[in-house]
Amino acid sequence: MGSLNSKQSEACRYTDGPLLILAGAGSGKTRVITHRIAYLIDELSVNPYNILAITFTNKAAKEMRERVDRIVAYGAESVWVSTFHSMCVRILRQHIECLGGKSNFTIYDTDEQKTVMKEVLKYLNLDTKMYPERAMLAAISKAKEEYVSPDQYEKRAATSYREQQIANIYREYQKRLQSNNALDFDDLIYKTIELFEHNPDVLEIYQNRFKYIMVDEYQDTNHTQFLLVKQLAAKYQNLCVVGDDDQSIYKFRGADIHNILDFEEEYPNAKVIRLEQNYRSTANILNAANGVIANNEGRKDKTLWTENEDGGKVTYTEYENEYQEAESVVNDMIEKSGQGNSLNDMAVLYRTNNQSRVLEEKLLMNNVPYTLVGGTNFYSRKEIRDMVSYLKVVANANDDLAVARIINVPKRGIGDTTINRAREFALLSEMNLYDVLLTPEEIPGIQRAAEKIHGFTRQIEGFRQFMADATLDELYEEILEKTGYKMQLEAEGTDEARSRIDNLKELKNKIVKYEEEAEEPSLMELLEEISLVADTDREEDTEKERVTLMTLHSAKGLEFPYVYIVGMEERLFPSGMAIDSDDMDAVEEERRLCYVGFTRAMKGLALSGAGTRMVNGTRIYSKTSRFIDEIPENLLIRRGISEPVSYEKRNWRNPEPQTSFSKSTSFPKKEKPYAGLTMSSPLISKGMPGQVVIDFAVGDTVKHLKFGKGTVTELVKTGTDYEVKVNFERVGEKKMFASLAKLKKL
DNA sequence: GAACCCATCATTTTT
DNA sequence: TGATGGGTTC
């Protein structure tokens with residue numbers, strides 16, 4: 001274990017009893033966990049079968065799995081590396097019968113939860129203005145995270161009418177999930193705790209199995225996850241949790257920072273080890289982050305340090321508006337790339353998703369390839385949901401939601417009225433929709449559609465039989481063909497239909513891949529993977545170089561040589577909601593988010609803000625984020641305008657300020673204090689030409705490197721540059737900047 | 001059942 | 001600004 005520092009090594013070797021590893025950003029925490037597992041197995045001869053490592057995301061689980069496989073000599077595959085949720089699914093599939101559930105349960109995702117909630121609210125005749133489904137789902141989720149049952153919720157509600165209503169909603173919602181034989185994400189954890197509580201014998205099986213338990217990102221655990229870990233570790237107490245309270249940024253989704261802050265109270269004999277040496281960032285970046293986070297109260301005392309060199313200073317540039325900010329960031333990345341840096345080494349981080357739009361625009365305009373993290377999920381596309389619903393119905397006939405979704409897709413002439421009557425009848429007779437549909441003659445008022453319904457159920461039964469001796473991808477193909485789903489799309493012939501067909505092919509690829517990788521492929525497990533493994537961690541094609549765009553939240557756990565954080569403005573970051581909140585911790589959580597953002601950067605950190613930007617359709621004017629002022633002045637270079645200035649004024653005074661990482665620490669010793677416009681003058685020398693010269697006009701034919709020949713249709717002067725609209729022969733109309741597009745007049 | 005129009009409402013996100 | 005959903009119309 002020579003490659004570990006003394007603290008890391010100590011953490012690996014302390015294996016008996018509770019251990020809290022406070023692992024600062026970039027302190028090599030994943031390495032410690034994996035080496036610890038290796039130590040247990042290789043040095044202490046612990047049976048790999050007795051080790052459990054829990055993570056939050058599939059991505060983290062996958063990464064840990066790979067690393068464990070790599071460093072453990074023998075038996076690595078027997079170590080249980082899992083997310084909380086998939087671990088619970090595995091346990092519940094085995095034992096949920098003890099709780100009166102069925103082991104072939106379906107897992108409902110957020111969209112399906114919404115559908116159920118809509119039905120519940122309708123059924124209870126509640127005004128969706130007073131009881132918005134989103135808020136209701138949030139309330140239920142919160143209750144479940146606190147391990148509060150509907151009954152307890154009602155008791156707690158006492159005299160509050162509204163709370164009592166919510167208790168009713170909660171109860172009805174659960175009733176429906178149960179009748180659909182479905183669990184939502186929170187249920188997975190909740191039910192597992194319940195299972196263990198009511199069946200100590202079952203719990204003991206797992207306690208004996210998991211003699212050594214490790215939990216990563218412990219600061220993100222919620223109360224139920226805390227309870228679950230506590231149950232599992234109760235017998236042997238060999239519990240090692242790793243986390244960093246300074247990186248707790250998920251309070252809004254139930255993460256309870258007290259789980260980590262009070263670990264020593266919960267486990268009085270706990271050993272605490274701090275990993276404070278950072279291996280990731282330059283000293284300047286790290287100290288800027290330290291300076292900011294020091295403003296938080298109520299955190300575990302620790303200070304990260306590094307042996308890395310100082311590096312360049314952190315920069316903060318203030319722009320007039322979001323367009324200039326985006327453009328400058330993009331230009332800077334292009335320049336960086338020209339200096340031999342890979343686009344993969346750069347990331348732009350922001351507080352809210354909608355900030356990506358401007359950036360995307362400018363990136364497209366300049367032909368800079370990028371990946372946007374956190375786009376729409378593959379599995380939430382209509383055609384995918386349809387096909388998955390078919391598979392779900394084949395696997396679990398009780399899933400009314402899935403049945404209702406596909407009963408008339410593609411069109412079978414079974415209309416809304418018919419479906420509604422069937423559902424009503426099912427509700428009254430306390431049967432599942434599908435069971436009612438098996439004998440449609442008994443449903444009042446739908447005689448005419450009866451034969452069509454028979455056609456549907458016969459088809460489903462046919463698929464079930466077909467499945468008996470077919471592979472999953474064959475089943476999938478069969479459904480696509482026999483239902484006419486594929487044919488219908490092919491007949492449409494539109495671009496949209498073609499893209500849907502592509503997506504359906506992609507789903508098939510995923511199914512085939514699953515079958516190749518799974519030990520014992522089953523329809524249920526496939527569906528489980530679809531629900532549990534978000535598409536966000538799909539394998540990205542590594543061929544192309546791209547810059548990364550994502551929220552600060554999704555950047556957690558990642559690192560990039562060059563990081564740009566845009567939108568450093570009061571009420572954007574920290575968010576207005578946090579500032580207005582009467583919860584003192586709200587701004588502190590934003591500050592932690594800031595800390596997370598800073599510590600993603602290895603070599604360069606460029607911060608920026610805009611004096612004004614469009615938010616929700618109105619233009620707002622902002623002050624600089626307080627976090628900027630919390631960075632020690634000697635580590636920071638400020639530049640840009642100090643207050644919004646009109647375009648005319650700016651053009652006349654000086655060109656676009658440009659974001660950039662400072663070149664080195666050898667900036668003029670006597671830094672001028674932050675002085676508005678004058679500060680941005682050094683930036684002119686940064687290779688920004690005074691005025692772009694062009695030799696073409698509207699109507700001229702020009703040639704572009706990639707797009708080929710085209711005609712200039714529009715020419716707009718923007719500051720020192722021109723925005724050129726060109727109608728290309730091959731690719732149609734494109735907008736671009738003259739300075740970057742390298743257009744040649746023909 | 002598709003197409004349209006108007007009103008509404010906007011953090012952060014994984015599973 | 002722009003996505004989304006409900007309601008109306010043909």
# chains A, B, ... in the order shown; residues from 1 in each chain; ligands from 1
>>> residues_around(residues="region 527-534 of chain A", least_positions_apart="5", cutoff="8 Å", atoms="only C-alpha atoms (C1' of nucleotides)", output="PDB file with C-alpha atoms (C1' of nucleotides), in the first residue's frame")
ATOM      1  CA  ASN A  58     -24.972   3.585 -10.903  1.00  0.00           C
ATOM      2  CA  HIS A  85     -31.911   1.150  -4.603  1.00  0.00           C
ATOM      3  CA  SER A  86     -30.676  -1.843  -6.509  1.00  0.00           C
ATOM      4  CA  THR A 106     -42.800  -3.137 -11.063  1.00  0.00           C
ATOM      5  CA  ILE A 107     -40.816  -0.017 -10.247  1.00  0.00           C
ATOM      6  CA  TYR A 108     -42.510   3.299 -11.005  1.00  0.00           C
ATOM      7  CA  ASP A 109     -40.484   6.249 -12.124  1.00  0.00           C
ATOM      8  CA  ASN A 377     -33.924  10.767 -20.590  1.00  0.00           C
ATOM      9  CA  TYR A 379     -36.522   6.211 -21.464  1.00  0.00           C
ATOM     10  CA  VAL A 388     -41.487  -0.691 -22.178  1.00  0.00           C
ATOM     11  CA  LEU A 391     -42.921  -5.467 -21.714  1.00  0.00           C
ATOM     12  CA  LYS A 392     -44.243  -4.452 -18.321  1.00  0.00           C
TER      13      LYS A 392
ATOM     14  C1'  DT B  15     -33.055   6.269  -8.105  1.00  0.00           C
TER      15       DT B  15
END
>>> interface_residues(of="chain A", to="chain B", cutoff="10 Å", atoms="only C-alpha atoms (C1' of nucleotides)", output="VMD selection string")
chain A and resid 56 to 58 83 to 86 109 to 110 184 to 186 188 249 to 253 351 to 353 374 415 531 to 534 551 to 554 572 to 573 575 to 578 590 593 615 to 616
>>> interface_residues(of="chain C", to="chain A", cutoff="12 Å", atoms="only C-alpha atoms (C1' of nucleotides)", output="list of chain:residue names")
C:DT1, C:DG2, C:DA3
>>> select_by_dssp(residues="region 108-221 of chain A", states="alpha helix (DSSP H)", output="PyMOL selection string")
chain A and resi 110-123+133-145+150-157+161-179+185-198+200-209
>>> atom_distance(atom1="CA of Val368 (chain A)", atom2="CA of Phe728 (chain A)")
19.0 Å
>>> residues_around(residues="Tyr14 (chain A)", least_positions_apart="5", cutoff="9 Å", atoms="only C-alpha atoms (C1' of nucleotides)", output="list in words")
Ser9, Leu19, Arg36 and Lys271 of chain A
>>> atom_distance(atom1="CA of Glu589 (chain A)", atom2="CA of Glu320 (chain A)")
27.7 Å
>>> select_by_dssp(residues="region 54-117 of chain A", states="strand (DSSP E or B)", output="JSON, numbers by chain")
{"A": [54, 55, 80, 81, 82, 83, 106, 107, 108]}
>>> atom_distance(atom1="CA of Tyr173 (chain A)", atom2="CA of Thr115 (chain A)")
10.5 Å
>>> residues_around(residues="Leu549 (chain A)", least_positions_apart="4", cutoff="7 Å", atoms="only C-alpha atoms (C1' of nucleotides)", output="ChimeraX atom specification")
/A:347-349,371-373
